[in-house]
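Have a look at start02.cif; it's mmCIF, C-alpha atoms:
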```cif
data_upload
loop_
_atom_site.group_PDB
_atom_site.id
_atom_site.type_symbol
_atom_site.label_atom_id
_atom_site.label_comp_id
_atom_site.auth_asym_id
_atom_site.auth_seq_id
_atom_site.Cartn_x
_atom_site.Cartn_y
_atom_site.Cartn_z
ATOM 1 C CA MET A 1 117.221 151.867 182.669
ATOM 2 C CA ALA A 2 118.039 150.005 179.486
ATOM 3 C CA VAL A 3 115.689 148.058 177.244
ATOM 4 C CA ASN A 4 116.992 145.985 174.350
ATOM 5 C CA VAL A 5 115.061 144.660 171.369
ATOM 6 C CA ASP A 6 116.656 141.728 169.554
ATOM 7 C CA MET A 7 115.329 139.257 167.016
ATOM 8 C CA VAL A 8 115.394 135.715 168.320
ATOM 9 C CA HIS A 9 116.212 134.364 164.872
ATOM 10 C CA ASN A 10 115.900 135.550 161.318
ATOM 11 C CA ASP A 11 115.957 132.407 159.216
ATOM 12 C CA GLU A 12 113.247 133.783 156.961
ATOM 13 C CA LYS A 13 113.718 132.735 153.346
ATOM 14 C CA ASP A 14 111.360 135.425 152.011
ATOM 15 C CA GLU A 15 113.503 138.525 151.432
ATOM 16 C CA LEU A 16 110.593 140.940 151.925
ATOM 17 C CA ILE A 17 109.623 139.446 155.285
ATOM 18 C CA ALA A 18 113.267 139.504 156.405
ATOM 19 C CA LEU A 19 113.505 143.184 155.415
ATOM 20 C CA CYS A 20 110.268 143.981 157.265
ATOM 21 C CA LEU A 21 111.531 142.220 160.401
ATOM 22 C CA ARG A 22 114.819 144.126 160.261
ATOM 23 C CA LEU A 23 113.081 147.496 159.814
ATOM 24 C CA ALA A 24 110.546 146.793 162.576
ATOM 25 C CA THR A 25 113.308 145.683 164.955
ATOM 26 C CA GLN A 26 115.367 148.809 164.235
ATOM 27 C CA SER A 27 112.299 151.003 164.707
ATOM 28 C CA MET A 28 111.516 149.328 168.042
ATOM 29 C CA ARG A 29 115.120 149.817 169.144
ATOM 30 C CA TYR A 30 114.740 153.499 168.344
ATOM 31 C CA GLN A 31 111.489 153.636 170.319
ATOM 32 C CA CYS A 32 113.197 151.961 173.297
ATOM 33 C CA SER A 33 116.080 154.418 173.206
ATOM 34 C CA ARG A 34 113.698 157.378 173.515
ATOM 35 C CA GLU A 35 112.848 158.631 176.990
ATOM 36 C CA CYS A 36 112.535 155.420 178.954
ATOM 37 C CA THR A 37 114.173 156.496 182.199
ATOM 38 C CA THR A 38 111.742 155.129 184.794
ATOM 39 C CA ALA A 39 109.819 151.902 185.233
ATOM 40 C CA GLY A 40 106.558 153.828 184.842
ATOM 41 C CA GLN A 41 107.449 154.654 181.237
ATOM 42 C CA VAL A 42 107.909 150.992 180.228
ATOM 43 C CA PRO A 43 104.180 150.334 179.501
ATOM 44 C CA THR A 44 104.073 153.387 177.197
ATOM 45 C CA MET A 45 107.219 152.210 175.450
ATOM 46 C CA LEU A 46 105.739 148.725 175.018
ATOM 47 C CA LYS A 47 102.572 150.255 173.521
ATOM 48 C CA ARG A 48 104.755 152.132 171.016
ATOM 49 C CA CYS A 49 106.510 148.862 170.131
ATOM 50 C CA VAL A 50 103.141 147.133 169.621
ATOM 51 C CA SER A 51 102.100 150.032 167.384
ATOM 52 C CA VAL A 52 105.298 149.636 165.356
ATOM 53 C CA SER A 53 104.677 145.902 164.936
ATOM 54 C CA LYS A 54 101.098 146.483 163.720
ATOM 55 C CA THR A 55 102.272 149.159 161.315
ATOM 56 C CA ALA A 56 105.044 146.864 160.064
ATOM 57 C CA VAL A 57 102.477 144.156 159.264
ATOM 58 C CA GLN A 58 100.402 146.676 157.280
ATOM 59 C CA TRP A 59 103.585 147.816 155.502
ATOM 60 C CA LEU A 60 104.416 144.205 154.622
ATOM 61 C CA LYS A 61 100.913 143.697 153.173
ATOM 62 C CA ALA A 62 101.209 146.870 151.058
ATOM 63 C CA MET A 63 104.667 145.873 149.834
ATOM 64 C CA ARG A 64 103.521 142.306 149.092
ATOM 65 C CA ASP A 65 100.573 143.678 147.079
ATOM 66 C CA ALA A 66 102.891 145.986 145.119
ATOM 67 C CA MET A 67 105.357 143.142 144.584
ATOM 68 C CA LEU A 68 102.666 140.840 143.192
ATOM 69 C CA ARG A 69 101.324 143.511 140.843
ATOM 70 C CA LEU A 70 104.607 145.083 139.725
ATOM 71 C CA ALA A 71 107.034 142.140 140.008
ATOM 72 C CA PHE A 72 109.934 143.961 141.633
ATOM 73 C CA GLN A 73 112.792 142.346 143.520
ATOM 74 C CA VAL A 74 113.997 143.279 146.975
ATOM 75 C CA ASP A 75 116.766 141.822 149.095
ATOM 76 C CA ARG A 76 117.359 141.659 152.858
ATOM 77 C CA ASP A 77 119.550 144.759 152.745
ATOM 78 C CA GLY A 78 116.743 146.860 151.288
ATOM 79 C CA CYS A 79 117.918 147.133 147.673
ATOM 80 C CA LEU A 80 114.826 147.225 145.464
ATOM 81 C CA THR A 81 114.817 146.841 141.671
ATOM 82 C CA LEU A 82 111.779 147.546 139.501
ATOM 83 C CA LYS A 83 111.509 147.253 135.722
ATOM 84 C CA VAL A 84 108.979 149.521 134.001
ATOM 85 C CA ALA A 85 107.885 149.311 130.363
ATOM 86 C CA ASN A 86 106.247 152.110 128.400
ATOM 87 C CA VAL A 87 104.662 150.592 125.293
ATOM 88 C CA ARG A 88 103.961 153.905 123.524
ATOM 89 C CA LEU A 89 107.597 154.967 123.806
ATOM 90 C CA ARG A 90 108.916 151.440 123.253
ATOM 91 C CA SER A 91 111.056 151.894 126.321
ATOM 92 C CA VAL A 92 112.059 149.838 129.329
ATOM 93 C CA TRP A 93 113.757 151.298 132.397
ATOM 94 C CA GLU A 94 115.144 149.726 135.545
ATOM 95 C CA VAL A 95 114.560 151.764 138.695
ATOM 96 C CA SER A 96 116.621 151.011 141.770
ATOM 97 C CA MET A 97 116.275 152.351 145.290
ATOM 98 C CA ARG A 98 117.484 151.641 148.764
ATOM 99 C CA ILE A 99 115.041 151.186 151.637
ATOM 100 C CA GLU A 100 116.410 152.566 154.909
ATOM 101 C CA LEU A 101 114.972 153.480 158.262
ATOM 102 C CA THR A 102 114.816 157.254 158.695
ATOM 103 C CA VAL A 103 114.070 159.661 161.529
ATOM 104 C CA GLU A 104 113.675 163.323 160.605
ATOM 105 C CA ASP A 105 112.525 164.640 163.958
ATOM 106 C CA ALA A 106 113.481 163.344 167.398
ATOM 107 C CA HIS A 107 109.817 163.429 168.462
ATOM 108 C CA GLU A 108 108.513 161.152 165.713
ATOM 109 C CA SER A 109 108.937 157.470 165.104
ATOM 110 C CA ALA A 110 111.329 155.897 162.629
ATOM 111 C CA TRP A 111 109.911 154.959 159.211
ATOM 112 C CA PRO A 112 111.208 153.205 156.071
ATOM 113 C CA CYS A 113 112.238 155.644 153.366
ATOM 114 C CA ALA A 114 113.105 155.114 149.704
ATOM 115 C CA ASN A 115 116.563 156.643 149.207
ATOM 116 C CA SER A 116 119.248 156.609 146.527
ATOM 117 C CA ILE A 117 116.826 156.381 143.632
ATOM 118 C CA GLY A 118 118.535 155.585 140.367
ATOM 119 C CA ILE A 119 117.381 154.736 136.882
ATOM 120 C CA SER A 120 119.089 152.901 134.075
ATOM 121 C CA THR A 121 117.908 152.479 130.515
ATOM 122 C CA ILE A 122 117.414 148.967 129.212
ATOM 123 C CA VAL A 123 115.779 149.962 125.901
ATOM 124 C CA ALA A 124 114.646 153.538 125.352
ATOM 125 C CA ASP A 125 114.519 156.415 122.930
ATOM 126 C CA VAL A 126 113.815 158.832 125.764
ATOM 127 C CA ASP A 127 116.205 159.363 128.660
ATOM 128 C CA VAL A 128 114.934 159.941 132.181
ATOM 129 C CA ALA A 129 117.154 161.658 134.746
ATOM 130 C CA ALA A 130 117.278 160.426 138.337
ATOM 131 C CA ASP A 131 116.841 164.052 139.454
ATOM 132 C CA SER A 132 113.431 164.178 137.786
ATOM 133 C CA LEU A 133 112.378 161.053 139.709
ATOM 134 C CA ASN A 134 113.626 162.523 142.991
ATOM 135 C CA GLY A 135 111.673 165.706 142.279
ATOM 136 C CA LEU A 136 108.589 163.634 141.573
ATOM 137 C CA ILE A 137 108.612 161.970 145.002
ATOM 138 C CA LYS A 138 109.582 164.929 147.165
ATOM 139 C CA ASN A 139 105.950 165.429 148.277
ATOM 140 C CA VAL A 140 105.321 161.807 149.260
ATOM 141 C CA PRO A 141 104.338 161.767 152.970
ATOM 142 C CA HIS A 142 107.084 160.729 155.356
ATOM 143 C CA ASP A 143 105.617 157.755 157.173
ATOM 144 C CA TRP A 144 105.531 153.962 156.876
ATOM 145 C CA GLY A 145 103.663 154.354 153.574
ATOM 146 C CA HIS A 146 106.563 156.216 151.931
ATOM 147 C CA VAL A 147 108.117 153.230 150.149
ATOM 148 C CA PRO A 148 104.917 151.691 148.670
ATOM 149 C CA ARG A 149 103.671 155.128 147.567
ATOM 150 C CA THR A 150 107.048 155.911 145.996
ATOM 151 C CA ILE A 151 107.107 152.621 144.090
ATOM 152 C CA TRP A 152 103.608 153.181 142.702
ATOM 153 C CA LYS A 153 104.252 156.840 141.872
ATOM 154 C CA LEU A 154 107.440 156.072 139.939
ATOM 155 C CA PHE A 155 105.796 153.137 138.156
ATOM 156 C CA LYS A 156 102.775 155.194 137.059
ATOM 157 C CA TYR A 157 104.975 158.092 135.929
ATOM 158 C CA LEU A 158 107.269 155.938 133.786
ATOM 159 C CA LYS A 159 104.500 153.712 132.418
ATOM 160 C CA ASN A 160 102.462 156.730 131.256
ATOM 161 C CA LYS A 161 105.363 159.057 130.399
ATOM 162 C CA PRO A 162 104.802 161.023 127.185
ATOM 163 C CA ARG A 163 107.687 161.624 124.809
ATOM 164 C CA ASP A 164 108.068 165.299 125.778
ATOM 165 C CA ASP A 165 106.662 165.611 129.280
ATOM 166 C CA ASP A 166 108.584 168.846 129.898
ATOM 167 C CA PHE A 167 106.012 170.574 127.741
ATOM 168 C CA TYR A 168 103.141 168.212 128.481
ATOM 169 C CA GLY A 169 100.915 170.860 130.088
ATOM 170 C CA ILE A 170 101.556 173.331 127.260
ATOM 171 C CA ASN A 171 100.684 170.697 124.632
ATOM 172 C CA ILE A 172 97.377 169.955 126.337
ATOM 173 C CA LEU A 173 96.542 173.656 126.467
ATOM 174 C CA ASN A 174 97.356 173.995 122.769
ATOM 175 C CA MET A 175 95.109 171.047 121.906
ATOM 176 C CA VAL A 176 92.212 172.583 123.851
ATOM 177 C CA LYS A 177 92.363 175.842 121.864
#
```
Take the structure I supplied and represent it as structure tokens, if you would.
Amino acid sequence: MAVNVDMVHNDEKDELIALCLRLATQSMRYQCSRECTTAGQVPTMLKRCVSVSKTAVQWLKAMRDAMLRLAFQVDRDGCLTLKVANVRLRSVWEVSMRIELTVEDAHESAWPCANSIGISTIVADVDVAADSLNGLIKNVPHDWGHVPRTIWKLFKYLKNKPRDDDFYGINILNMVK
């Protein structure tokens, strides 16, 4: 038995909606490719597709909220660019990431993941390594909330970054004494 999921048309001018449609369609295709060997399994598969569509709408709302508050750009291919300013450090960085559908375990559903995180300095006295950003997001839960949580976590880190955050905890302990 074969079930195909195809978009009827994708003439959407809003890049974020087009990206959401693409990710939801790919996730539904993955759901349809999993264990649908008899006609009796079709209703369960359709319920999973409905669940994916509802989750995709929630994801779109979270991404739209983040986009309105943080003014990032995203294209249909999932390339996201975010500029972050830190007034205390007189620094501005541009964070880029790629949003891709990921499946870590064959028994779970596919979810959008922020990959290939990079950072470039626009104006800064303090350099930030991409490895430090990747280490910062390694504990973000792997589900449909991964991308919005990652965007907010990186934004908050860079916006509030102290000059010497390697020793930030030690400095606070020294000030308490």
Quick one: what's the axis-aligned box for stretch 76-95 of chain A, all listed atoms, 5 Å on every side, centre and edges in Å to one decimal, as AutoDock Vina command-line options?
```
--center_x 111.8 --center_y 148.3 --center_z 138.1 --size_x 25.6 --size_y 23.3 --size_z 39.6
```
Hey, what's within 12 Å of A:Cys49 if we count only C-alpha atoms and toss same-chain stuff fewer than 6 positions away? As JSON, numbers by chain, please? {"A": [3, 4, 5, 24, 25, 26, 27, 28, 29, 30, 31, 32, 33, 34, 42, 43, 55, 56, 109, 110]}
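Counting only C-alpha atoms, the residue from A:His142, A:Arg163, A:Arg69, A:Arg64 that sits nearest to A:Val103 is A:His142.
Using the PyMOL selection byres ((chain A and resi 95) around 8) on this structure selects Thr81, Leu82, Lys83, Val84, Trp93, Glu94, Ser96, Met97, Ile117, Gly118, Ile119 and Ser120 of chain A.
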Write to file, as a compact mmCIF listing (two decimals), keeping the file's coordinate frame, the residues of the selection just made, with C-alpha atoms.
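The file below, out13.txt, is the result:
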```txt
# COMPACT_ATOMS: atom_id res chain seq x y z
CA THR A 81 114.82 146.84 141.67
CA LEU A 82 111.78 147.55 139.50
CA LYS A 83 111.51 147.25 135.72
CA VAL A 84 108.98 149.52 134.00
CA TRP A 93 113.76 151.30 132.40
CA GLU A 94 115.14 149.73 135.54
CA SER A 96 116.62 151.01 141.77
CA MET A 97 116.28 152.35 145.29
CA ILE A 117 116.83 156.38 143.63
CA GLY A 118 118.54 155.58 140.37
CA ILE A 119 117.38 154.74 136.88
CA SER A 120 119.09 152.90 134.07
```
Have a look at A:Ile151, A:Trp144, A:Asn160, A:Asp77 and name the one nearest to A:Ser51; count all atoms listed in the file. A:Trp144
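In this structure, atom CA of A:Val92 sits 5.1 Å away from atom CA of A:Val123.
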